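Q: Got protein_10.pdb for you, PDB, C-alpha atoms and all ligand atoms:
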```pdb
ATOM      1  CA  MET A   1       6.648 -23.102 -19.037
ATOM      2  CA  ARG A   2       5.165 -20.692 -16.502
ATOM      3  CA  LYS A   3       7.868 -21.722 -13.999
ATOM      4  CA  ILE A   4      10.631 -21.047 -16.514
ATOM      5  CA  LEU A   5       9.151 -17.654 -17.385
ATOM      6  CA  ASP A   6       8.770 -16.806 -13.701
ATOM      7  CA  ARG A   7      12.412 -17.650 -13.088
ATOM      8  CA  TYR A   8      13.414 -15.521 -16.071
ATOM      9  CA  TYR A   9      11.286 -12.591 -14.875
ATOM     10  CA  GLY A  10      12.577 -13.182 -11.340
ATOM     11  CA  LYS A  11      16.120 -12.535 -12.570
ATOM     12  CA  LEU A  12      15.093  -9.473 -14.589
ATOM     13  CA  ARG A  13      13.274  -8.030 -11.566
ATOM     14  CA  LYS A  14      16.615  -7.936  -9.731
ATOM     15  CA  LEU A  15      18.394  -5.895 -12.415
ATOM     16  CA  LYS A  16      18.172  -2.142 -11.992
ATOM     17  CA  ALA A  17      18.734  -1.762 -15.753
ATOM     18  CA  SER A  18      15.399  -3.553 -16.381
ATOM     19  CA  TYR A  19      13.609  -0.825 -14.463
ATOM     20  CA  VAL A  20      15.417   1.882 -16.398
ATOM     21  CA  LEU A  21      14.074   0.298 -19.585
ATOM     22  CA  LEU A  22      10.612  -0.106 -18.099
ATOM     23  CA  ASN A  23      10.697   3.544 -17.035
ATOM     24  CA  PHE A  24      11.714   4.572 -20.533
ATOM     25  CA  PHE A  25       8.804   2.741 -22.138
ATOM     26  CA  ASN A  26       6.402   4.167 -19.562
ATOM     27  CA  ARG A  27       7.895   7.630 -19.379
ATOM     28  CA  ARG A  28       4.488   9.287 -19.782
ATOM     29  CA  LYS A  29       3.499   7.788 -16.426
ATOM     30  CA  LEU A  30       6.508   9.464 -14.805
ATOM     31  CA  GLU A  31       5.263  13.034 -15.299
ATOM     32  CA  HIS A  32       4.123  13.166 -11.688
ATOM     33  CA  ALA A  33       7.543  11.943 -10.519
ATOM     34  CA  ARG A  34       9.227  14.572 -12.678
ATOM     35  CA  ARG A  35       7.114  17.338 -11.102
ATOM     36  CA  MET A  36       7.774  16.059  -7.593
ATOM     37  CA  TYR A  37      11.548  15.727  -8.139
ATOM     38  CA  SER A  38      11.543  19.343  -9.145
ATOM     39  CA  LYS A  39       9.308  20.396  -6.221
ATOM     40  CA  TYR A  40      11.560  18.697  -3.663
ATOM     41  CA  GLY A  41      14.886  19.484  -5.322
ATOM     42  CA  VAL A  42      15.809  15.906  -6.233
ATOM     43  CA  LYS A  43      18.317  16.336  -9.033
ATOM     44  CA  ARG A  44      17.957  13.042 -10.803
ATOM     45  CA  ASN A  45      16.642  11.750 -14.088
ATOM     46  CA  VAL A  46      13.308   9.989 -13.513
ATOM     47  CA  LEU A  47      14.448   7.004 -15.551
ATOM     48  CA  LEU A  48      17.204   6.164 -13.061
ATOM     49  CA  PRO A  49      16.940   4.132  -9.839
ATOM     50  CA  ILE A  50      15.774   6.185  -6.882
ATOM     51  CA  SER A  51      15.644   5.448  -3.151
ATOM     52  CA  SER A  52      15.667   7.193   0.227
ATOM     53  CA  ALA A  53      19.417   7.710  -0.297
ATOM     54  CA  HIS A  54      18.565  10.334  -2.964
ATOM     55  CA  MET A  55      16.059  12.286  -0.893
ATOM     56  CA  PRO A  56      16.880  15.679   0.626
ATOM     57  CA  LYS A  57      18.633  15.409   3.973
ATOM     58  CA  GLY A  58      17.430  17.246   7.047
ATOM     59  CA  PRO A  59      14.033  17.667   8.661
ATOM     60  CA  ALA A  60      10.973  17.205   6.462
ATOM     61  CA  GLU A  61       7.309  17.872   7.153
ATOM     62  CA  SER A  62       5.141  15.028   8.402
ATOM     63  CA  PRO A  63       1.389  14.345   8.295
ATOM     64  CA  TRP A  64      -0.532  16.477  10.796
ATOM     65  CA  LEU A  65      -1.422  13.453  12.965
ATOM     66  CA  ASP A  66       2.129  12.067  13.110
ATOM     67  CA  VAL A  67       3.099  14.516  15.856
ATOM     68  CA  PRO A  68       3.185  14.140  19.651
ATOM     69  CA  ASP A  69       0.057  16.268  20.314
ATOM     70  CA  ALA A  70      -2.009  14.600  17.564
ATOM     71  CA  GLN A  71      -4.802  13.605  19.939
ATOM     72  CA  ARG A  72      -5.412  17.215  20.977
ATOM     73  CA  ARG A  73      -5.281  18.382  17.361
ATOM     74  CA  LEU A  74      -7.822  15.742  16.397
ATOM     75  CA  MET A  75     -10.221  16.670  19.191
ATOM     76  CA  GLU A  76     -10.036  20.339  18.269
ATOM     77  CA  SER A  77     -10.391  19.750  14.557
ATOM     78  CA  GLU A  78     -13.503  21.061  12.813
ATOM     79  CA  GLY A  79     -13.009  18.384  10.143
ATOM     80  CA  LEU A  80     -13.649  15.602  12.648
ATOM     81  CA  LYS A  81     -17.198  16.832  13.199
ATOM     82  CA  ARG A  82     -18.101  16.136   9.576
ATOM     83  CA  PHE A  83     -18.068  12.394  10.298
ATOM     84  CA  GLU A  84     -20.833  10.554  12.082
ATOM     85  CA  ALA A  85     -20.308   9.857  15.785
ATOM     86  CA  SER A  86     -19.163   6.210  15.458
ATOM     87  CA  VAL A  87     -16.598   7.160  12.791
ATOM     88  CA  GLN A  88     -15.355  10.045  14.958
ATOM     89  CA  GLN A  89     -14.776   7.594  17.817
ATOM     90  CA  ALA A  90     -12.819   5.279  15.510
ATOM     91  CA  LEU A  91     -10.740   8.178  14.106
ATOM     92  CA  LEU A  92      -9.704   9.318  17.586
ATOM     93  CA  ARG A  93      -7.682   6.088  17.965
ATOM     94  CA  TRP A  94      -5.602   6.736  14.814
ATOM     95  CA  PRO A  95      -2.599   8.489  16.429
ATOM     96  CA  VAL A  96      -2.237   5.714  19.024
ATOM     97  CA  ASP A  97      -3.133   2.617  17.005
ATOM     98  CA  GLY A  98      -2.241   3.537  13.410
ATOM     99  CA  TYR A  99      -5.427   2.014  12.007
ATOM    100  CA  VAL A 100      -9.160   2.644  11.887
ATOM    101  CA  VAL A 101     -11.949   0.079  11.447
ATOM    102  CA  LEU A 102     -15.150   1.123   9.671
ATOM    103  CA  ARG A 103     -17.736  -1.613  10.032
ATOM    104  CA  GLY A 104     -20.336  -2.223   7.342
ATOM    105  CA  LEU A 105     -19.090   0.549   5.072
ATOM    106  CA  PHE A 106     -20.147  -1.291   1.916
ATOM    107  CA  THR A 107     -23.645  -2.812   1.753
ATOM    108  CA  PRO A 108     -24.189  -6.538   0.966
ATOM    109  CA  ASP A 109     -25.410  -5.554  -2.531
ATOM    110  CA  GLU A 110     -22.265  -3.496  -3.188
ATOM    111  CA  VAL A 111     -20.060  -6.368  -2.016
ATOM    112  CA  ALA A 112     -21.946  -8.871  -4.194
ATOM    113  CA  ALA A 113     -21.521  -6.587  -7.206
ATOM    114  CA  MET A 114     -17.752  -6.292  -6.594
ATOM    115  CA  ASN A 115     -17.384 -10.055  -6.251
ATOM    116  CA  SER A 116     -19.244 -10.798  -9.463
ATOM    117  CA  GLU A 117     -17.240  -8.143 -11.261
ATOM    118  CA  VAL A 118     -13.947  -9.734 -10.158
ATOM    119  CA  ASP A 119     -15.271 -13.176 -11.216
ATOM    120  CA  ARG A 120     -16.219 -11.753 -14.607
ATOM    121  CA  LEU A 121     -12.815 -10.111 -15.134
ATOM    122  CA  ILE A 122     -11.079 -13.411 -14.343
ATOM    123  CA  ARG A 123     -13.456 -15.490 -16.476
ATOM    124  CA  ASP A 124     -12.977 -13.168 -19.458
ATOM    125  CA  ASN A 125      -9.174 -13.183 -19.023
ATOM    126  CA  VAL A 126      -9.178  -9.436 -18.508
ATOM    127  CA  VAL A 127      -7.130  -9.757 -15.320
ATOM    128  CA  ASP A 128      -4.839 -12.453 -13.930
ATOM    129  CA  PHE A 129      -2.834 -13.213 -10.825
ATOM    130  CA  ASN A 130       0.643 -11.702 -10.702
ATOM    131  CA  PHE A 131       3.869 -13.627 -10.055
ATOM    132  CA  THR A 132       2.862 -14.321  -6.421
ATOM    133  CA  GLY A 133      -0.066 -16.388  -7.718
ATOM    134  CA  ARG A 134      -2.373 -14.656  -5.225
ATOM    135  CA  LYS A 135      -2.657 -11.015  -6.195
ATOM    136  CA  ILE A 136      -4.679  -9.425  -8.965
ATOM    137  CA  MET A 137      -3.144  -6.005  -9.464
ATOM    138  CA  PHE A 138      -4.902  -2.857 -10.697
ATOM    139  CA  ALA A 139      -8.234  -4.544 -11.520
ATOM    140  CA  PHE A 140      -9.893  -1.130 -11.275
ATOM    141  CA  HIS A 141      -8.083  -0.084 -14.463
ATOM    142  CA  HIS A 142     -10.311  -2.574 -16.291
ATOM    143  CA  SER A 143     -13.674  -2.042 -14.644
ATOM    144  CA  ASP A 144     -15.944   0.966 -14.143
ATOM    145  CA  LEU A 145     -17.571  -0.748 -11.212
ATOM    146  CA  LEU A 146     -14.283  -1.348  -9.378
ATOM    147  CA  ARG A 147     -12.994   2.096 -10.348
ATOM    148  CA  LYS A 148     -16.055   3.548  -8.647
ATOM    149  CA  ALA A 149     -15.559   1.311  -5.584
ATOM    150  CA  VAL A 150     -11.910   2.272  -5.052
ATOM    151  CA  HIS A 151     -12.832   5.951  -5.382
ATOM    152  CA  ASP A 152     -15.697   5.661  -2.916
ATOM    153  CA  ARG A 153     -15.887   8.926  -0.973
ATOM    154  CA  ARG A 154     -16.772   7.099   2.262
ATOM    155  CA  ILE A 155     -13.171   5.805   2.234
ATOM    156  CA  LEU A 156     -11.349   8.664   0.514
ATOM    157  CA  ASP A 157     -12.899  11.352   2.771
ATOM    158  CA  VAL A 158     -11.513   9.517   5.797
ATOM    159  CA  MET A 159      -8.104   9.171   4.147
ATOM    160  CA  ASP A 160      -7.980  12.848   3.121
ATOM    161  CA  PHE A 161      -8.805  13.773   6.694
ATOM    162  CA  LEU A 162      -6.229  11.456   8.283
ATOM    163  CA  LEU A 163      -3.405  12.652   6.033
ATOM    164  CA  GLY A 164      -4.543  16.278   5.981
ATOM    165  CA  ARG A 165      -4.184  16.208   2.182
ATOM    166  CA  LYS A 166      -6.128  14.970  -0.796
ATOM    167  CA  VAL A 167      -5.195  11.436  -1.753
ATOM    168  CA  ARG A 168      -5.161   9.722  -5.132
ATOM    169  CA  VAL A 169      -5.671   6.021  -5.632
ATOM    170  CA  PHE A 170      -2.434   4.408  -6.750
ATOM    171  CA  GLN A 171      -3.182   0.694  -6.888
ATOM    172  CA  SER A 172      -5.705  -1.947  -5.988
ATOM    173  CA  ILE A 173      -5.043  -5.588  -5.155
ATOM    174  CA  ASN A 174      -7.743  -8.246  -5.232
ATOM    175  CA  PHE A 175      -7.334 -11.501  -3.372
ATOM    176  CA  LEU A 176      -9.427 -14.647  -3.653
ATOM    177  CA  THR A 177      -7.364 -16.407  -0.978
ATOM    178  CA  GLY A 178      -5.252 -15.278   1.954
ATOM    179  CA  SER A 179      -1.976 -13.541   1.112
ATOM    180  CA  GLU A 180      -0.049 -15.246   3.960
ATOM    181  CA  GLN A 181       2.261 -12.284   3.576
ATOM    182  CA  HIS A 182       4.927 -11.697   6.213
ATOM    183  CA  ALA A 183       4.587  -8.609   8.420
ATOM    184  CA  HIS A 184       5.784  -5.498   6.614
ATOM    185  CA  SER A 185       5.245  -1.770   6.340
ATOM    186  CA  ASP A 186       3.875  -0.643   2.985
ATOM    187  CA  SER A 187       6.486   2.106   3.017
ATOM    188  CA  ILE A 188       9.135  -0.360   1.824
ATOM    189  CA  HIS A 189       6.999  -0.952  -1.297
ATOM    190  CA  MET A 190       5.253   2.398  -1.736
ATOM    191  CA  THR A 191       7.356   5.141  -0.242
ATOM    192  CA  THR A 192       6.856   8.878  -0.139
ATOM    193  CA  TYR A 193       8.986  11.929   0.378
ATOM    194  CA  PRO A 194       8.174  13.380   2.830
ATOM    195  CA  LEU A 195       7.519  10.084   4.619
ATOM    196  CA  GLY A 196       4.070   9.056   5.818
ATOM    197  CA  TYR A 197       1.909  10.166   2.884
ATOM    198  CA  MET A 198       0.704   6.714   1.827
ATOM    199  CA  ILE A 199      -2.455   5.225   3.280
ATOM    200  CA  ALA A 200      -4.302   1.974   2.578
ATOM    201  CA  ALA A 201      -7.776   0.490   2.959
ATOM    202  CA  TRP A 202      -8.570  -3.214   3.174
ATOM    203  CA  ILE A 203     -12.104  -4.249   2.247
ATOM    204  CA  ALA A 204     -13.569  -7.594   3.341
ATOM    205  CA  LEU A 205     -15.552  -9.147   0.488
ATOM    206  CA  GLU A 206     -16.675 -12.200   2.452
ATOM    207  CA  PRO A 207     -16.596 -13.295   6.112
ATOM    208  CA  ILE A 208     -12.980 -13.261   7.289
ATOM    209  CA  THR A 209     -11.739 -15.343  10.216
ATOM    210  CA  SER A 210      -8.394 -16.681  11.408
ATOM    211  CA  GLU A 211      -9.112 -19.899   9.433
ATOM    212  CA  ASN A 212      -9.186 -18.244   6.018
ATOM    213  CA  GLY A 213      -6.086 -16.112   6.502
ATOM    214  CA  CYS A 214      -7.302 -12.841   7.973
ATOM    215  CA  LEU A 215      -5.332  -9.628   7.872
ATOM    216  CA  ILE A 216      -3.043  -9.264  10.881
ATOM    217  CA  TYR A 217      -1.637  -5.989  12.146
ATOM    218  CA  HIS A 218       0.479  -4.655  14.988
ATOM    219  CA  PRO A 219      -1.215  -1.675  16.673
ATOM    220  CA  GLY A 220       1.157   1.175  17.524
ATOM    221  CA  SER A 221       3.953  -0.132  15.275
ATOM    222  CA  HIS A 222       3.432   2.812  12.898
ATOM    223  CA  ARG A 223       5.406   4.903  15.373
ATOM    224  CA  LEU A 224       8.560   2.846  14.870
ATOM    225  CA  PRO A 225      11.226   4.488  12.700
ATOM    226  CA  TYR A 226      10.617   3.749   9.000
ATOM    227  CA  LEU A 227      12.757   0.790   8.024
ATOM    228  CA  LEU A 228      14.242   1.796   4.662
ATOM    229  CA  ASN A 229      17.250   0.636   2.669
ATOM    230  CA  ASP A 230      19.787   2.343   4.918
ATOM    231  CA  SER A 231      18.498   0.557   8.050
ATOM    232  CA  TYR A 232      19.177  -3.051   7.084
ATOM    233  CA  ASP A 233      21.668  -4.929   4.944
ATOM    234  CA  HIS A 234      19.657  -5.427   1.729
ATOM    235  CA  GLY A 235      22.548  -7.048  -0.102
ATOM    236  CA  GLY A 236      22.119  -4.952  -3.267
ATOM    237  CA  ASN A 237      24.667  -2.927  -5.216
ATOM    238  CA  ARG A 238      24.796  -0.289  -7.957
ATOM    239  CA  PHE A 239      23.467  -2.687 -10.554
ATOM    240  CA  GLU A 240      21.247  -5.137  -8.724
ATOM    241  CA  ILE A 241      18.565  -5.265  -6.086
ATOM    242  CA  GLY A 242      19.821  -7.710  -3.429
ATOM    243  CA  ASP A 243      18.923 -11.300  -4.315
ATOM    244  CA  ASP A 244      17.138 -11.869  -1.032
ATOM    245  CA  ALA A 245      16.566  -8.214  -0.138
ATOM    246  CA  TYR A 246      12.951  -8.813   0.806
ATOM    247  CA  ALA A 247      13.730 -11.808   3.030
ATOM    248  CA  ARG A 248      16.375  -9.712   4.771
ATOM    249  CA  TYR A 249      13.822  -6.918   5.194
ATOM    250  CA  GLU A 250      11.330  -9.350   6.735
ATOM    251  CA  GLY A 251      14.006 -10.499   9.202
ATOM    252  CA  ALA A 252      14.672  -6.901  10.222
ATOM    253  CA  ILE A 253      10.919  -6.322  10.696
ATOM    254  CA  ASP A 254      10.596  -9.433  12.886
ATOM    255  CA  GLN A 255      13.413  -8.093  15.012
ATOM    256  CA  ALA A 256      11.725  -4.668  15.317
ATOM    257  CA  ILE A 257       8.438  -6.307  16.377
ATOM    258  CA  ARG A 258      10.196  -8.461  18.984
ATOM    259  CA  THR A 259      12.205  -5.562  20.383
ATOM    260  CA  GLY A 260       9.308  -3.109  20.395
ATOM    261  CA  GLY A 261       6.810  -5.633  21.782
ATOM    262  CA  PHE A 262       3.943  -5.099  19.346
ATOM    263  CA  PRO A 263       1.557  -8.056  19.648
ATOM    264  CA  ALA A 264      -0.374  -8.973  16.510
ATOM    265  CA  GLN A 265      -4.110  -8.506  16.258
ATOM    266  CA  GLU A 266      -6.431 -10.184  13.774
ATOM    267  CA  PHE A 267      -9.020  -8.414  11.662
ATOM    268  CA  HIS A 268     -12.072 -10.647  11.769
ATOM    269  CA  ALA A 269     -14.541  -9.055   9.447
ATOM    270  CA  GLN A 270     -17.914  -9.252   7.809
ATOM    271  CA  PRO A 271     -18.365  -8.444   4.110
ATOM    272  CA  GLY A 272     -18.230  -4.676   3.650
ATOM    273  CA  ASP A 273     -16.054  -3.973   6.720
ATOM    274  CA  VAL A 274     -13.016  -1.805   6.049
ATOM    275  CA  LEU A 275      -9.711  -1.337   7.860
ATOM    276  CA  ILE A 276      -7.616   1.715   7.005
ATOM    277  CA  TRP A 277      -3.936   1.648   7.945
ATOM    278  CA  HIS A 278      -1.083   4.085   8.342
ATOM    279  CA  ALA A 279       1.863   4.176   5.901
ATOM    280  CA  ASN A 280       4.110   2.567   8.515
ATOM    281  CA  LEU A 281       1.734   0.173  10.313
ATOM    282  CA  LEU A 282       3.203  -3.330  10.305
ATOM    283  CA  HIS A 283       0.719  -5.822   8.918
ATOM    284  CA  GLY A 284       0.489  -9.028   6.910
ATOM    285  CA  GLY A 285      -1.732 -12.023   6.191
ATOM    286  CA  LYS A 286      -2.280 -14.883   8.625
ATOM    287  CA  LYS A 287      -1.443 -18.408   7.499
ATOM    288  CA  MET A 288      -4.620 -20.125   6.352
ATOM    289  CA  THR A 289      -5.530 -23.034   8.601
ATOM    290  CA  THR A 290      -8.021 -24.248   5.984
ATOM    291  CA  PRO A 291      -5.703 -24.308   2.969
ATOM    292  CA  ASP A 292      -8.391 -24.304   0.259
ATOM    293  CA  ALA A 293     -10.534 -21.638   1.866
ATOM    294  CA  SER A 294     -11.322 -18.558  -0.118
ATOM    295  CA  ARG A 295     -10.686 -15.124   1.366
ATOM    296  CA  LYS A 296     -12.071 -12.476  -0.938
ATOM    297  CA  SER A 297     -10.799  -8.996  -0.240
ATOM    298  CA  MET A 298      -9.613  -5.875  -1.979
ATOM    299  CA  VAL A 299      -6.870  -3.475  -0.890
ATOM    300  CA  ILE A 300      -6.533   0.106  -2.067
ATOM    301  CA  HIS A 301      -3.190   1.879  -1.705
ATOM    302  CA  CYS A 302      -3.277   5.663  -1.997
ATOM    303  CA  PHE A 303      -0.697   8.430  -2.060
ATOM    304  CA  ALA A 304      -1.205  12.054  -1.102
ATOM    305  CA  GLU A 305      -1.438  14.052  -4.339
ATOM    306  CA  ASP A 306       1.537  16.358  -4.109
ATOM    307  CA  VAL A 307       4.336  14.244  -2.688
ATOM    308  CA  LEU A 308       7.119  12.268  -4.284
ATOM    309  CA  CYS A 309       6.122   8.587  -4.625
ATOM    310  CA  TYR A 310       8.530   5.762  -5.266
ATOM    311  CA  HIS A 311       9.321   2.137  -4.461
ATOM    312  CA  GLU A 312      12.126   1.854  -1.927
ATOM    313  CA  LEU A 313      12.657  -1.888  -2.320
ATOM    314  CA  THR A 314      12.940  -1.906  -6.108
ATOM    315  CA  GLN A 315      14.331   1.648  -6.225
ATOM    316  CA  ARG A 316      12.107   3.121  -8.923
ATOM    317  CA  PRO A 317       9.698   6.014  -9.169
ATOM    318  CA  ALA A 318       5.980   5.204  -8.958
ATOM    319  CA  MET A 319       4.175   5.273 -12.284
ATOM    320  CA  MET A 320       1.037   7.341 -12.058
ATOM    321  CA  GLU A 321      -1.875   7.415 -14.470
ATOM    322  CA  GLU A 322      -2.210  11.069 -15.534
ATOM    323  CA  ARG A 323      -5.758  12.436 -15.203
TER     324      ARG A 323
HETATM  325  O1  LIG B   1      -4.443  -8.965   2.520
HETATM  326  C1  LIG B   1      -3.458  -9.358   3.108
HETATM  327  O2  LIG B   1      -3.392 -10.476   3.637
HETATM  328  C2  LIG B   1      -2.241  -8.469   3.214
HETATM  329  C3  LIG B   1      -2.312  -7.308   2.293
HETATM  330  C4  LIG B   1      -1.135  -6.426   2.399
HETATM  331  O3  LIG B   1      -0.235  -6.661   3.142
HETATM  332  C5  LIG B   1      -1.050  -5.212   1.587
HETATM  333  O4  LIG B   1      -1.838  -5.051   0.662
HETATM  334  O5  LIG B   1      -0.169  -4.382   1.854
END
```
Show how you would write the structure in this file as structure tokens.

A:
Amino acid sequence: MRKILDRYYGKLRKLKASYVLLNFFNRRKLEHARRMYSKYGVKRNVLLPISSAHMPKGPAESPWLDVPDAQRRLMESEGLKRFEASVQQALLRWPVDGYVVLRGLFTPDEVAAMNSEVDRLIRDNVVDFNFTGRKIMFAFHHSDLLRKAVHDRRILDVMDFLLGRKVRVFQSINFLTGSEQHAHSDSIHMTTYPLGYMIAAWIALEPITSENGCLIYHPGSHRLPYLLNDSYDHGGNRFEIGDDAYARYEGAIDQAIRTGGFPAQEFHAQPGDVLIWHANLLHGGKKMTTPDASRKSMVIHCFAEDVLCYHELTQRPAMMEER
């Protein structure tokens, strides 16, 4: 039954009209999009499909550390001094590497509390895995404890600083096993105008090694041009998202990695370690060599507050919880 439903939903997910309907029923969550369309002069109804093709043409601003003299700016920044010395050292690598590792950010007690909360939410059928069978989306909407964790200032202060703007948490994903996800940039899923105003944090909730499907990432790849719908043949048309648009995207990313020469690194982590990545850093999940191994982790994806947020792949505006 589940398989039949998945196939049915799979077809609906390809139809742009389904998203128009979804947008209509969730129109209250599109207030932010409406404000941002108006701010950036995008003359389009928020219910309709939207992609980079509809964004203003011409130069747009970029985050303060996405510029050639970012290293100097960082060193001279008063804001940097607010962080403790080890964090400052990690932050200085951001412009070059496109990621920052913060070891031991959450204590063992905090990690244990998050794990039991996720177990409880699953046991009580409050949350479930999405169509991938591996991801629990938006668990923080159902739990005060997780809501507090994803809004932890130790992470958000770093993100605010790196983007030079206040961020808001958009989504969380909890994993109990590895994602085995192909290398990608989050900007194909969660896109901003101007580009570069998404940022993510990955929290290890148990020891993570290459056996249990660690996070992999490609340092420096964030400086590649953003690969959006106009830079590869996604196979879609006015009415449908291309049948294999994502597979085609993954092929284009593989090509970019090969051409640019960006070797993969693995994030081996202890519970409570955090890796923060840039909107365009290529990353994914390593294949698990121990297939049944668990790999508990939580990802937080954030957008800067006052930018236009949408989903390039599925061509729809991001739905935001109003506060
Ligand atoms: O946790 C992983 O293996 C990958 C997560 C990821 O790619 C993401 O959340 O964007």

Q: Using only C-alpha atoms and all ligand atoms, find each protein or nucleic acid residue lying at most 8 Å from ligand LIG 1 (chain B); present the set as a CSV table (one decimal) with C-alpha atoms, in the coordinates of the input.

A:
```csv
chain,number,residue,atom,x,y,z
A,173,ILE,CA,-5.0,-5.6,-5.2
A,175,PHE,CA,-7.3,-11.5,-3.4
A,178,GLY,CA,-5.3,-15.3,2.0
A,179,SER,CA,-2.0,-13.5,1.1
A,180,GLU,CA,0.0,-15.2,4.0
A,181,GLN,CA,2.3,-12.3,3.6
A,182,HIS,CA,4.9,-11.7,6.2
A,183,ALA,CA,4.6,-8.6,8.4
A,184,HIS,CA,5.8,-5.5,6.6
A,185,SER,CA,5.2,-1.8,6.3
A,186,ASP,CA,3.9,-0.6,3.0
A,200,ALA,CA,-4.3,2.0,2.6
A,202,TRP,CA,-8.6,-3.2,3.2
A,213,GLY,CA,-6.1,-16.1,6.5
A,214,CYS,CA,-7.3,-12.8,8.0
A,215,LEU,CA,-5.3,-9.6,7.9
A,216,ILE,CA,-3.0,-9.3,10.9
A,283,HIS,CA,0.7,-5.8,8.9
A,284,GLY,CA,0.5,-9.0,6.9
A,285,GLY,CA,-1.7,-12.0,6.2
A,286,LYS,CA,-2.3,-14.9,8.6
A,297,SER,CA,-10.8,-9.0,-0.2
A,298,MET,CA,-9.6,-5.9,-2.0
A,299,VAL,CA,-6.9,-3.5,-0.9
A,300,ILE,CA,-6.5,0.1,-2.1
A,301,HIS,CA,-3.2,1.9,-1.7
```

Q: I need every residue sitting at most 12 Å from the point (10.2, 2.8, 17.6) (coordinates as in the file, all atoms listed in the file considered), written as a ChimeraX atom specification.

A: /A:220-227,253,255-262,280-282

Q: Identify which of the residues A:Arg123, A:Arg73, A:His311, A:Arg316 lies closest to Asn23 of chain A, counting all atoms listed in the file when measuring atom-to-atom distances.

A: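 Closest candidate: A:Arg316.
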
Q: One decimal, in Å: what's the spacing between atom CA of Met114 of chain A and atom CA of Asp273 of chain A?

A: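 It comes out at 13.6 Å.
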
Q: What would the selection look like, as a short mmCIF file (atom, residue, chain, number, x, y, z; two decimals) with C-alpha atoms, in the coordinates of the input, if the PyMOL selection byres (((chain A and resi 126) around 12) and not hetatm) were run on the coordinates I just shared?

A:
```cif
data_model
loop_
_atom_site.label_atom_id
_atom_site.label_comp_id
_atom_site.auth_asym_id
_atom_site.auth_seq_id
_atom_site.Cartn_x
_atom_site.Cartn_y
_atom_site.Cartn_z
CA GLU A 117 -17.24 -8.14 -11.26
CA VAL A 118 -13.95 -9.73 -10.16
CA ASP A 119 -15.27 -13.18 -11.22
CA ARG A 120 -16.22 -11.75 -14.61
CA LEU A 121 -12.82 -10.11 -15.13
CA ILE A 122 -11.08 -13.41 -14.34
CA ARG A 123 -13.46 -15.49 -16.48
CA ASP A 124 -12.98 -13.17 -19.46
CA ASN A 125 -9.17 -13.18 -19.02
CA VAL A 127 -7.13 -9.76 -15.32
CA ASP A 128 -4.84 -12.45 -13.93
CA PHE A 129 -2.83 -13.21 -10.82
CA ILE A 136 -4.68 -9.43 -8.96
CA MET A 137 -3.14 -6.00 -9.46
CA PHE A 138 -4.90 -2.86 -10.70
CA ALA A 139 -8.23 -4.54 -11.52
CA PHE A 140 -9.89 -1.13 -11.28
CA HIS A 141 -8.08 -0.08 -14.46
CA HIS A 142 -10.31 -2.57 -16.29
CA SER A 143 -13.67 -2.04 -14.64
#
```

Q: Find the axis-aligned box for segment 86-96 of chain A, covering all its listed atoms and adding 4 Å on each side, and write its centre and edge lengths in Å to one decimal as lines of an AutoDock Vina configuration file.

A:
```
center_x = -10.7
center_y = 7.7
center_z = 15.9
size_x = 24.9
size_y = 12.8
size_z = 14.2
```

Q: Compare A:His234, A:His268, A:Arg44, A:His278 by their minimum atom-to-atom distance to His218 of chain A, counting all atoms listed in the file, and give me the closest one.

A: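 Nearest candidate to His218 of chain A out of A:His234, A:His268, A:Arg44, A:His278: A:His278.
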
Q: Using all atoms listed in the file, determine which residues lie at most 6 Å from segment 152-166 of chain A, disregarding the query and same-chain residues fewer than 6 positions distant; provide the list as a PyMOL selection string.

A: chain A and resi 63+304-305

Q: Would you pick out the contacts of segment 88-93 of chain A at 12 Å or less, using all atoms listed in the file, so that residues sharing its chain but fewer than 2 positions from it are not included, and give the list as a PyMOL selection string?

A: chain A and resi 65+70-86+95-103+157-159+161-163+219-220+274-278

Q: Please report the interatomic distance between atom CA of Phe239 of chain A and atom CA of Ser18 of chain A in Å with one decimal.

A: 10.0 Å

Q: Give as a list of chain:residue names each residue that has an atom at most 9 Å from (0.9, 6.4, -9.4) in the file, counting only C-alpha atoms.

A: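 Output: A:Lys29, A:Leu30, A:His32, A:Ala33, A:Arg168, A:Val169, A:Phe170, A:Gln171, A:Cys302, A:Phe303, A:Cys309, A:Tyr310, A:Pro317, A:Ala318, A:Met319, A:Met320, A:Glu321, A:Glu322.
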
Q: Kindly export the residues of the current selection with C-alpha atoms, as a short mmCIF file (atom, residue, chain, number, x, y, z; two decimals), in the frame of the given file.

A:
```cif
data_model
loop_
_atom_site.label_atom_id
_atom_site.label_comp_id
_atom_site.auth_asym_id
_atom_site.auth_seq_id
_atom_site.Cartn_x
_atom_site.Cartn_y
_atom_site.Cartn_z
CA LYS A 29 3.50 7.79 -16.43
CA LEU A 30 6.51 9.46 -14.80
CA HIS A 32 4.12 13.17 -11.69
CA ALA A 33 7.54 11.94 -10.52
CA ARG A 168 -5.16 9.72 -5.13
CA VAL A 169 -5.67 6.02 -5.63
CA PHE A 170 -2.43 4.41 -6.75
CA GLN A 171 -3.18 0.69 -6.89
CA CYS A 302 -3.28 5.66 -2.00
CA PHE A 303 -0.70 8.43 -2.06
CA CYS A 309 6.12 8.59 -4.62
CA TYR A 310 8.53 5.76 -5.27
CA PRO A 317 9.70 6.01 -9.17
CA ALA A 318 5.98 5.20 -8.96
CA MET A 319 4.18 5.27 -12.28
CA MET A 320 1.04 7.34 -12.06
CA GLU A 321 -1.88 7.42 -14.47
CA GLU A 322 -2.21 11.07 -15.53
#
```

Q: So how far away is atom CA of Asp306 of chain A from atom CA of Gly196 of chain A, in Å?

A: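 Separation between atom CA of Gly196 of chain A and atom CA of Asp306 of chain A: 12.6 Å.
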